[in-house]
file coords.cif (mmCIF, C-alpha atoms)
data_query
#
loop_
_atom_site.group_PDB
_atom_site.id
_atom_site.type_symbol
_atom_site.label_atom_id
_atom_site.label_comp_id
_atom_site.auth_asym_id
_atom_site.auth_seq_id
_atom_site.Cartn_x
_atom_site.Cartn_y
_atom_site.Cartn_z
ATOM 1 C CA ALA A 15 113.702 -126.090 22.023
ATOM 2 C CA GLN A 16 113.046 -125.917 18.321
ATOM 3 C CA LYS A 17 111.198 -128.612 16.452
ATOM 4 C CA VAL A 18 110.057 -129.204 12.880
ATOM 5 C CA THR A 19 107.317 -131.648 11.998
ATOM 6 C CA GLN A 20 106.530 -132.975 8.547
ATOM 7 C CA ALA A 21 103.508 -135.150 9.141
ATOM 8 C CA GLN A 22 103.418 -136.662 5.662
ATOM 9 C CA THR A 23 106.057 -139.334 5.279
ATOM 10 C CA GLU A 24 105.249 -140.171 1.670
ATOM 11 C CA ILE A 25 103.039 -138.718 -1.055
ATOM 12 C CA SER A 26 102.388 -140.380 -4.383
ATOM 13 C CA VAL A 27 100.888 -138.430 -7.291
ATOM 14 C CA VAL A 28 100.464 -138.788 -11.009
ATOM 15 C CA GLU A 29 102.364 -136.398 -13.246
ATOM 16 C CA LYS A 30 100.730 -132.968 -13.670
ATOM 17 C CA GLU A 31 98.923 -133.185 -10.347
ATOM 18 C CA ASP A 32 99.649 -130.566 -7.706
ATOM 19 C CA VAL A 33 101.195 -131.671 -4.435
ATOM 20 C CA THR A 34 101.411 -129.774 -1.150
ATOM 21 C CA LEU A 35 103.909 -130.634 1.556
ATOM 22 C CA ASP A 36 103.109 -129.607 5.097
ATOM 23 C CA CYS A 37 105.630 -128.229 7.582
ATOM 24 C CA VAL A 38 104.853 -127.150 11.138
ATOM 25 C CA TYR A 39 107.517 -125.701 13.391
ATOM 26 C CA GLU A 40 108.020 -124.795 17.031
ATOM 27 C CA THR A 41 110.354 -122.149 18.349
ATOM 28 C CA ARG A 42 110.525 -119.689 21.219
ATOM 29 C CA ASP A 43 112.691 -117.310 19.264
ATOM 30 C CA THR A 44 110.966 -114.296 17.755
ATOM 31 C CA THR A 45 113.423 -114.157 14.881
ATOM 32 C CA TYR A 46 114.018 -117.326 12.933
ATOM 33 C CA TYR A 47 114.540 -118.654 9.436
ATOM 34 C CA LEU A 48 112.767 -121.421 7.585
ATOM 35 C CA PHE A 49 114.150 -123.464 4.726
ATOM 36 C CA TRP A 50 113.191 -126.127 2.254
ATOM 37 C CA TYR A 51 115.733 -128.544 0.830
ATOM 38 C CA LYS A 52 115.308 -131.204 -1.845
ATOM 39 C CA GLN A 53 117.126 -134.544 -1.737
ATOM 40 C CA PRO A 54 116.815 -136.348 -5.083
ATOM 41 C CA PRO A 55 117.595 -140.063 -5.410
ATOM 42 C CA SER A 56 121.247 -139.213 -6.082
ATOM 43 C CA GLY A 57 121.463 -138.128 -2.442
ATOM 44 C CA GLU A 58 122.718 -134.557 -2.463
ATOM 45 C CA LEU A 59 120.844 -131.762 -0.702
ATOM 46 C CA VAL A 60 119.631 -128.890 -2.837
ATOM 47 C CA PHE A 61 118.654 -125.588 -1.262
ATOM 48 C CA LEU A 62 115.245 -124.374 -2.469
ATOM 49 C CA ILE A 63 114.193 -121.404 -0.360
ATOM 50 C CA ARG A 64 114.788 -119.401 2.809
ATOM 51 C CA ARG A 65 112.035 -117.428 4.547
ATOM 52 C CA ASN A 66 112.609 -114.957 7.390
ATOM 53 C CA SER A 67 110.148 -114.849 10.273
ATOM 54 C CA PHE A 68 109.490 -111.149 9.786
ATOM 55 C CA ASP A 69 108.595 -111.537 6.125
ATOM 56 C CA GLU A 70 105.256 -113.254 5.679
ATOM 57 C CA GLN A 71 104.955 -112.699 1.965
ATOM 58 C CA ASN A 72 104.329 -115.864 0.064
ATOM 59 C CA GLU A 73 106.678 -116.709 -2.740
ATOM 60 C CA ILE A 74 106.419 -118.331 -6.129
ATOM 61 C CA SER A 75 109.309 -119.633 -8.173
ATOM 62 C CA GLY A 76 108.243 -121.336 -11.364
ATOM 63 C CA ARG A 77 106.177 -124.369 -10.396
ATOM 64 C CA TYR A 78 107.144 -124.020 -6.731
ATOM 65 C CA SER A 79 105.290 -121.887 -4.213
ATOM 66 C CA TRP A 80 105.512 -121.466 -0.468
ATOM 67 C CA ASN A 81 102.838 -120.420 2.006
ATOM 68 C CA PHE A 82 104.167 -119.028 5.296
ATOM 69 C CA GLN A 83 101.524 -118.689 8.022
ATOM 70 C CA LYS A 84 103.026 -117.372 11.236
ATOM 71 C CA SER A 85 99.702 -117.642 13.062
ATOM 72 C CA THR A 86 99.692 -121.415 12.618
ATOM 73 C CA SER A 87 103.491 -121.867 12.609
ATOM 74 C CA SER A 88 103.385 -123.455 9.205
ATOM 75 C CA PHE A 89 105.513 -123.161 6.096
ATOM 76 C CA ASN A 90 103.926 -125.290 3.406
ATOM 77 C CA PHE A 91 105.361 -126.030 -0.019
ATOM 78 C CA THR A 92 103.359 -126.665 -3.179
ATOM 79 C CA ILE A 93 104.587 -128.128 -6.431
ATOM 80 C CA THR A 94 102.229 -127.269 -9.269
ATOM 81 C CA ALA A 95 101.886 -129.566 -12.270
ATOM 82 C CA SER A 96 104.317 -132.093 -10.845
ATOM 83 C CA GLN A 97 106.872 -133.822 -13.037
ATOM 84 C CA VAL A 98 108.744 -137.093 -12.643
ATOM 85 C CA VAL A 99 111.927 -135.112 -11.913
ATOM 86 C CA ASP A 100 110.246 -133.753 -8.790
ATOM 87 C CA SER A 101 110.468 -137.211 -7.229
ATOM 88 C CA ALA A 102 112.655 -136.695 -4.170
ATOM 89 C CA VAL A 103 112.614 -136.338 -0.415
ATOM 90 C CA TYR A 104 111.850 -132.801 0.693
ATOM 91 C CA PHE A 105 113.034 -131.447 4.017
ATOM 92 C CA CYS A 106 111.776 -128.434 5.919
ATOM 93 C CA ALA A 107 114.264 -126.874 8.364
ATOM 94 C CA LEU A 108 114.432 -124.142 10.989
ATOM 95 C CA SER A 109 117.271 -121.944 12.222
ATOM 96 C CA GLU A 110 116.942 -119.645 15.222
ATOM 97 C CA ALA A 111 118.624 -116.258 15.214
ATOM 98 C CA LYS A 112 119.731 -116.634 18.843
ATOM 99 C CA ALA A 113 121.520 -119.900 18.181
ATOM 100 C CA ALA A 114 125.249 -119.757 17.585
ATOM 101 C CA GLY A 115 125.694 -119.826 13.850
ATOM 102 C CA ASN A 116 123.037 -121.259 11.600
ATOM 103 C CA LYS A 117 122.408 -124.653 13.137
ATOM 104 C CA LEU A 118 119.502 -126.236 11.242
ATOM 105 C CA THR A 119 116.808 -128.376 12.780
ATOM 106 C CA PHE A 120 115.263 -130.595 10.124
ATOM 107 C CA GLY A 121 111.903 -132.256 9.868
ATOM 108 C CA GLY A 122 111.755 -135.941 9.107
ATOM 109 C CA GLY A 123 111.224 -135.332 5.401
ATOM 110 C CA THR A 124 108.431 -136.121 2.964
ATOM 111 C CA ARG A 125 109.111 -138.516 0.122
ATOM 112 C CA VAL A 126 107.348 -137.435 -3.071
ATOM 113 C CA LEU A 127 106.860 -139.988 -5.798
ATOM 114 C CA VAL A 128 105.601 -138.646 -9.113
ATOM 115 C CA LYS A 129 104.404 -141.360 -11.469
ATOM 116 C CA PRO A 130 104.269 -140.823 -15.217
ATOM 117 C CA ASN B 12 133.186 -121.440 -8.010
ATOM 118 C CA ALA B 13 133.406 -124.948 -6.606
ATOM 119 C CA GLY B 14 130.770 -126.054 -4.151
ATOM 120 C CA VAL B 15 131.281 -127.852 -0.880
ATOM 121 C CA MET B 16 133.473 -130.878 -1.413
ATOM 122 C CA GLN B 17 133.425 -134.024 0.634
ATOM 123 C CA ASN B 18 135.585 -137.084 0.381
ATOM 124 C CA PRO B 19 135.432 -139.902 0.214
ATOM 125 C CA ARG B 20 131.917 -140.242 -1.192
ATOM 126 C CA HIS B 21 131.682 -143.803 0.029
ATOM 127 C CA LEU B 22 133.613 -145.341 2.881
ATOM 128 C CA VAL B 23 133.516 -148.905 4.129
ATOM 129 C CA ARG B 24 135.002 -149.756 7.494
ATOM 130 C CA ARG B 25 135.025 -152.858 9.651
ATOM 131 C CA ARG B 26 133.843 -152.645 13.215
ATOM 132 C CA GLY B 27 136.585 -151.201 15.410
ATOM 133 C CA GLN B 28 138.352 -149.270 12.671
ATOM 134 C CA GLU B 29 138.583 -145.509 12.398
ATOM 135 C CA ALA B 30 136.709 -143.401 9.860
ATOM 136 C CA ARG B 31 137.936 -140.003 8.689
ATOM 137 C CA LEU B 32 135.577 -137.828 6.685
ATOM 138 C CA ARG B 33 136.806 -134.665 4.999
ATOM 139 C CA CYS B 34 135.013 -131.486 4.050
ATOM 140 C CA SER B 35 136.288 -128.498 2.092
ATOM 141 C CA PRO B 36 133.896 -125.552 2.370
ATOM 142 C CA MET B 37 132.943 -123.250 -0.449
ATOM 143 C CA LYS B 38 135.440 -120.527 -1.229
ATOM 144 C CA GLY B 39 134.927 -117.628 1.140
ATOM 145 C CA HIS B 40 133.031 -119.681 3.710
ATOM 146 C CA SER B 41 134.591 -119.903 7.145
ATOM 147 C CA HIS B 42 131.815 -121.794 8.918
ATOM 148 C CA VAL B 43 131.320 -125.536 8.685
ATOM 149 C CA TYR B 44 128.524 -127.750 9.960
ATOM 150 C CA TRP B 45 128.308 -131.536 10.102
ATOM 151 C CA TYR B 46 125.011 -133.424 9.979
ATOM 152 C CA ARG B 47 124.212 -137.113 10.098
ATOM 153 C CA GLN B 48 121.397 -138.843 8.241
ATOM 154 C CA LEU B 49 120.598 -142.297 9.512
ATOM 155 C CA PRO B 50 118.775 -144.635 7.094
ATOM 156 C CA GLU B 51 115.202 -143.501 6.452
ATOM 157 C CA GLU B 52 115.553 -140.557 8.829
ATOM 158 C CA GLY B 53 116.010 -136.819 8.604
ATOM 159 C CA LEU B 54 119.246 -134.969 9.129
ATOM 160 C CA LYS B 55 120.497 -134.328 12.644
ATOM 161 C CA PHE B 56 122.943 -131.583 13.539
ATOM 162 C CA MET B 57 126.223 -132.778 14.987
ATOM 163 C CA VAL B 58 128.735 -129.934 15.254
ATOM 164 C CA TYR B 59 129.422 -126.367 14.138
ATOM 165 C CA LEU B 60 132.965 -125.140 13.639
ATOM 166 C CA GLN B 61 134.804 -122.051 12.607
ATOM 167 C CA LYS B 62 138.488 -122.054 11.749
ATOM 168 C CA GLU B 63 140.347 -123.590 14.717
ATOM 169 C CA ASN B 64 137.264 -123.390 16.955
ATOM 170 C CA ILE B 65 134.395 -125.673 17.862
ATOM 171 C CA ILE B 66 131.423 -123.394 18.445
ATOM 172 C CA ASP B 67 128.604 -125.867 19.104
ATOM 173 C CA GLU B 68 129.039 -129.616 19.499
ATOM 174 C CA SER B 69 125.706 -130.258 21.174
ATOM 175 C CA GLY B 70 124.768 -132.923 18.613
ATOM 176 C CA MET B 71 127.967 -134.937 18.799
ATOM 177 C CA PRO B 72 127.907 -138.319 20.532
ATOM 178 C CA LYS B 73 129.947 -138.077 23.716
ATOM 179 C CA GLU B 74 132.383 -140.805 22.808
ATOM 180 C CA ARG B 75 134.351 -141.840 19.722
ATOM 181 C CA PHE B 76 133.368 -138.780 17.645
ATOM 182 C CA SER B 77 135.494 -135.676 17.172
ATOM 183 C CA ALA B 78 135.715 -132.834 14.689
ATOM 184 C CA GLU B 79 138.231 -130.210 13.755
ATOM 185 C CA PHE B 80 138.607 -127.367 11.294
ATOM 186 C CA PRO B 81 142.273 -126.385 11.218
ATOM 187 C CA LYS B 82 143.654 -123.098 10.030
ATOM 188 C CA GLU B 83 144.789 -124.779 6.845
ATOM 189 C CA GLY B 84 143.077 -127.666 5.143
ATOM 190 C CA PRO B 85 139.668 -129.291 5.281
ATOM 191 C CA SER B 86 137.420 -129.943 8.207
ATOM 192 C CA ILE B 87 137.694 -133.510 9.497
ATOM 193 C CA LEU B 88 135.019 -135.595 11.207
ATOM 194 C CA ARG B 89 136.684 -138.519 12.929
ATOM 195 C CA ILE B 90 134.911 -141.594 14.242
ATOM 196 C CA GLN B 91 136.996 -143.981 16.287
ATOM 197 C CA GLN B 92 136.212 -147.660 16.783
ATOM 198 C CA VAL B 93 133.221 -147.583 14.460
ATOM 199 C CA VAL B 94 130.163 -149.700 15.188
ATOM 200 C CA ARG B 95 127.341 -150.786 12.860
ATOM 201 C CA GLY B 96 125.108 -148.041 14.229
ATOM 202 C CA ASP B 97 127.498 -145.438 12.785
ATOM 203 C CA SER B 98 126.457 -146.455 9.259
ATOM 204 C CA ALA B 99 124.853 -143.336 7.834
ATOM 205 C CA ALA B 100 125.280 -140.492 5.391
ATOM 206 C CA TYR B 101 127.367 -137.669 6.820
ATOM 207 C CA PHE B 102 126.794 -134.277 5.285
ATOM 208 C CA CYS B 103 128.954 -131.217 5.594
ATOM 209 C CA ALA B 104 127.587 -127.738 4.982
ATOM 210 C CA SER B 105 129.278 -124.382 4.850
ATOM 211 C CA SER B 106 128.172 -120.792 5.124
ATOM 212 C CA PRO B 107 129.683 -117.342 5.267
ATOM 213 C CA PRO B 108 129.581 -115.664 8.699
ATOM 214 C CA PRO B 109 125.899 -115.270 9.629
ATOM 215 C CA ALA B 110 124.942 -111.653 9.069
ATOM 216 C CA GLY B 111 121.495 -110.167 8.854
ATOM 217 C CA THR B 112 119.231 -112.422 6.890
ATOM 218 C CA ARG B 113 122.047 -114.276 5.160
ATOM 219 C CA ARG B 114 121.565 -117.736 6.581
ATOM 220 C CA GLU B 115 121.808 -120.300 3.827
ATOM 221 C CA GLN B 116 123.949 -123.326 4.259
ATOM 222 C CA TYR B 117 125.265 -125.080 1.205
ATOM 223 C CA PHE B 118 125.657 -128.807 1.465
ATOM 224 C CA GLY B 119 128.245 -131.149 0.097
ATOM 225 C CA PRO B 120 127.296 -134.417 -1.614
ATOM 226 C CA GLY B 121 127.760 -136.397 1.583
ATOM 227 C CA THR B 122 129.895 -139.349 2.631
ATOM 228 C CA ARG B 123 128.102 -142.650 2.940
ATOM 229 C CA LEU B 124 129.728 -144.681 5.675
ATOM 230 C CA THR B 125 129.067 -148.392 5.837
ATOM 231 C CA VAL B 126 130.325 -150.366 8.804
ATOM 232 C CA THR B 127 130.578 -154.099 8.229
#
call {"tool": "encode", "arguments": {"input": "coords.cif", "output": "structure tokens"}}
result
Amino acid sequence: AQKVTQAQTEISVVEKEDVTLDCVYETRDTTYYLFWYKQPPSGELVFLIRRNSFDEQNEISGRYSWNFQKSTSSFNFTITASQVVDSAVYFCALSEAKAAGNKLTFGGGTRVLVKP
Amino acid sequence: NAGVMQNPRHLVRRRGQEARLRCSPMKGHSHVYWYRQLPEEGLKFMVYLQKENIIDESGMPKERFSAEFPKEGPSILRIQQVVRGDSAAYFCASSPPPAGTRREQYFGPGTRLTVT
């Protein structure tokens, strides 16, 4: 069965510091998809990124970057030069290709608090 | 292009009453997912539906919960005889038919159910 673990429950940083969120996953499927979602205090879920298991290239989008390491089953997320608006709960999620549809298995989330 | 719509945004029910949560997927999306987020927890998959079909209901509680996605109209998550433990945020997500690497789900703003 699939599983996603986000070991850090809460991280507090001062503005402009970098912050890295860890995500470790378990799956028996050889083809799978990994996601990060952001949940700001307003409560909605915002899609950030999807990574396919067969594409191990790391990705950078503005201040966000993602490090996918298949060998360690990790998909970590770094926010560079954090800002107060980055304060949110961040969820890592996994979807297996063999599953019917795109059912997502979420980690428990990491709450990021960026202080001015 | 409107996003996923959920209503009501907030719902208060007394123990024993019924709760009906509605979800209108994004235009062009024929697949709907329901997730539940209990206080201070991550999101848990409940059910996956296509028009007029329940594809995967492995995350649905065995009793009191049901879901439908009729040919016309929104998807409905129905909770009968609510109990305090049903208090949670219920999120709906939609996606186009999974094809290739196209796997993103887009989430609605959620319905926050409070059972008094």
call {"tool": "interface_residues", "arguments": {"input": "coords.cif", "of": "chain A", "to": "chain B", "cutoff": "9 Å", "atoms": "only C-alpha atoms", "output": "PyMOL selection string"}}
result
chain A and resi 47+49+56-61+63-64+66+105+109+114-123
call {"tool": "write_last_selection", "arguments": {"input": "coords.cif", "atoms": "C-alpha atoms", "output": "mmCIF file, in the frame of the given file"}}
result
data_model
loop_
_atom_site.group_PDB
_atom_site.id
_atom_site.type_symbol
_atom_site.label_atom_id
_atom_site.label_comp_id
_atom_site.auth_asym_id
_atom_site.auth_seq_id
_atom_site.Cartn_x
_atom_site.Cartn_y
_atom_site.Cartn_z
ATOM 1 C CA TYR A 47 114.540 -118.654 9.436
ATOM 2 C CA PHE A 49 114.150 -123.464 4.726
ATOM 3 C CA SER A 56 121.247 -139.213 -6.082
ATOM 4 C CA GLY A 57 121.463 -138.128 -2.442
ATOM 5 C CA GLU A 58 122.718 -134.557 -2.463
ATOM 6 C CA LEU A 59 120.844 -131.762 -0.702
ATOM 7 C CA VAL A 60 119.631 -128.890 -2.837
ATOM 8 C CA PHE A 61 118.654 -125.588 -1.262
ATOM 9 C CA ILE A 63 114.193 -121.404 -0.360
ATOM 10 C CA ARG A 64 114.788 -119.401 2.809
ATOM 11 C CA ASN A 66 112.609 -114.957 7.390
ATOM 12 C CA PHE A 105 113.034 -131.447 4.017
ATOM 13 C CA SER A 109 117.271 -121.944 12.222
ATOM 14 C CA ALA A 114 125.249 -119.757 17.585
ATOM 15 C CA GLY A 115 125.694 -119.826 13.850
ATOM 16 C CA ASN A 116 123.037 -121.259 11.600
ATOM 17 C CA LYS A 117 122.408 -124.653 13.137
ATOM 18 C CA LEU A 118 119.502 -126.236 11.242
ATOM 19 C CA THR A 119 116.808 -128.376 12.780
ATOM 20 C CA PHE A 120 115.263 -130.595 10.124
ATOM 21 C CA GLY A 121 111.903 -132.256 9.868
ATOM 22 C CA GLY A 122 111.755 -135.941 9.107
ATOM 23 C CA GLY A 123 111.224 -135.332 5.401
#
call {"tool": "atom_distance", "arguments": {"input": "coords.cif", "atom1": "atom CA of Glu29 of chain A", "atom2": "atom CA of Gln48 of chain B"}}
result
28.8 Å
call {"tool": "closest_residue", "arguments": {"input": "coords.cif", "among": "A:Lys129, A:Gln20, A:Trp50, A:Trp80", "to": "Gln97 of chain A", "atoms": "only C-alpha atoms"}}
result
A:Lys129
call {"tool": "atom_distance", "arguments": {"input": "coords.cif", "atom1": "atom CA of Leu48 of chain A", "atom2": "atom CA of Val98 of chain A"}}
result
25.9 Å
call {"tool": "resolve_selection", "arguments": {"input": "coords.cif", "expression": "the PyMOL selection byres ((chain B and resi 95) around 7)", "output": "list in words"}}
result
Arg26, Val93, Val94, Gly96, Asp97, Ser98, Val126 and Thr127 of chain B
call {"tool": "write_last_selection", "arguments": {"input": "coords.cif", "atoms": "C-alpha atoms", "output": "PDB file, keeping the file's coordinate frame"}}
result
ATOM      1  CA  ARG B  26     133.843-152.645  13.215  1.00  0.00           C
ATOM      2  CA  VAL B  93     133.221-147.583  14.460  1.00  0.00           C
ATOM      3  CA  VAL B  94     130.163-149.700  15.188  1.00  0.00           C
ATOM      4  CA  GLY B  96     125.108-148.041  14.229  1.00  0.00           C
ATOM      5  CA  ASP B  97     127.498-145.438  12.785  1.00  0.00           C
ATOM      6  CA  SER B  98     126.457-146.455   9.259  1.00  0.00           C
ATOM      7  CA  VAL B 126     130.325-150.366   8.804  1.00  0.00           C
ATOM      8  CA  THR B 127     130.578-154.099   8.229  1.00  0.00           C
TER       9      THR B 127
END
call {"tool": "residues_near_point", "arguments": {"input": "coords.cif", "point": "(101.4, -133.4, 8.6)", "cutoff": "10 Å", "atoms": "all atoms listed in the file", "output": "list in words"}}
result
Thr19, Gln20, Ala21, Gln22, Thr23, Leu35, Asp36, Cys37, Val38, Asn90 and Thr124 of chain A
call {"tool": "resolve_selection", "arguments": {"input": "coords.cif", "expression": "the PyMOL selection byres ((chain A and resi 26) around 10)", "output": "list in words"}}
result
Glu24, Ile25, Val27, Val28, Glu29, Glu31, Val33, Ser101, Arg125, Val126, Leu127, Val128 and Lys129 of chain A
call {"tool": "residues_near_point", "arguments": {"input": "coords.cif", "point": "(105.9, -125.9, -6.8)", "cutoff": "12 Å", "atoms": "only C-alpha atoms", "output": "PyMOL selection string"}}
result
chain A and resi 30-35+50+52+62-63+73-81+90-97+100+104
call {"tool": "closest_residue", "arguments": {"input": "coords.cif", "among": "B:Met71, B:Ala78, B:Ile65, B:Ile87", "to": "Leu32 of chain B", "atoms": "only C-alpha atoms"}}
result
B:Ile87
call {"tool": "atom_distance", "arguments": {"input": "coords.cif", "atom1": "atom CA of Arg24 of chain B", "atom2": "atom CA of Pro85 of chain B"}}
result
21.1 Å
call {"tool": "closest_residue", "arguments": {"input": "coords.cif", "among": "A:Ala113, A:Val99, A:Ala107, A:Val18", "to": "Thr44 of chain A", "atoms": "only C-alpha atoms"}}
result
A:Ala113
call {"tool": "closest_residue", "arguments": {"input": "coords.cif", "among": "B:Ala30, B:Arg89, B:Gly14, B:Leu124", "to": "Pro72 of chain B", "atoms": "only C-alpha atoms"}}
result
B:Arg89
call {"tool": "resolve_selection", "arguments": {"input": "coords.cif", "expression": "the PyMOL selection byres ((chain A and resi 16) around 7)", "output": "PyMOL selection string"}}
result
chain A and resi 15+17+40-41
call {"tool": "write_last_selection", "arguments": {"input": "coords.cif", "atoms": "C-alpha atoms", "output": "mmCIF file, in the frame of the given file"}}
result
data_model
loop_
_atom_site.group_PDB
_atom_site.id
_atom_site.type_symbol
_atom_site.label_atom_id
_atom_site.label_comp_id
_atom_site.auth_asym_id
_atom_site.auth_seq_id
_atom_site.Cartn_x
_atom_site.Cartn_y
_atom_site.Cartn_z
ATOM 1 C CA ALA A 15 113.702 -126.090 22.023
ATOM 2 C CA LYS A 17 111.198 -128.612 16.452
ATOM 3 C CA GLU A 40 108.020 -124.795 17.031
ATOM 4 C CA THR A 41 110.354 -122.149 18.349
#
call {"tool": "decode", "arguments": {"input": "coords.cif", "residues": "segment 88-112 of chain B", "atoms": "C-alpha atoms", "output": "PDB file, in the first residue's frame"}}
result
ATOM      1  CA  LEU B  88     -21.715  13.776  -0.612  1.00  0.00           C
ATOM      2  CA  ARG B  89     -24.437  12.839   1.840  1.00  0.00           C
ATOM      3  CA  ILE B  90     -23.929  12.150   5.526  1.00  0.00           C
ATOM      4  CA  GLN B  91     -26.910  10.801   7.401  1.00  0.00           C
ATOM      5  CA  GLN B  92     -27.424  11.094  11.149  1.00  0.00           C
ATOM      6  CA  VAL B  93     -24.303  13.179  11.656  1.00  0.00           C
ATOM      7  CA  VAL B  94     -22.206  12.779  14.788  1.00  0.00           C
ATOM      8  CA  ARG B  95     -19.618  15.137  16.306  1.00  0.00           C
ATOM      9  CA  GLY B  96     -16.809  13.075  14.806  1.00  0.00           C
ATOM     10  CA  ASP B  97     -18.031  14.029  11.317  1.00  0.00           C
ATOM     11  CA  SER B  98     -16.942  17.632  11.933  1.00  0.00           C
ATOM     12  CA  ALA B  99     -14.254  18.241   9.340  1.00  0.00           C
ATOM     13  CA  ALA B 100     -13.431  20.009   6.109  1.00  0.00           C
ATOM     14  CA  TYR B 101     -14.657  18.101   3.072  1.00  0.00           C
ATOM     15  CA  PHE B 102     -12.834  18.811  -0.147  1.00  0.00           C
ATOM     16  CA  CYS B 103     -13.911  17.945  -3.642  1.00  0.00           C
ATOM     17  CA  ALA B 104     -11.430  17.694  -6.493  1.00  0.00           C
ATOM     18  CA  SER B 105     -11.918  17.166 -10.183  1.00  0.00           C
ATOM     19  CA  SER B 106      -9.757  16.043 -13.056  1.00  0.00           C
ATOM     20  CA  PRO B 107     -10.080  15.216 -16.719  1.00  0.00           C
ATOM     21  CA  PRO B 108      -9.872  11.497 -17.571  1.00  0.00           C
ATOM     22  CA  PRO B 109      -6.406  10.308 -16.497  1.00  0.00           C
ATOM     23  CA  ALA B 110      -4.272   9.998 -19.605  1.00  0.00           C
ATOM     24  CA  GLY B 111      -0.531   9.693 -19.835  1.00  0.00           C
ATOM     25  CA  THR B 112       1.111  11.986 -17.363  1.00  0.00           C
TER      26      THR B 112
END
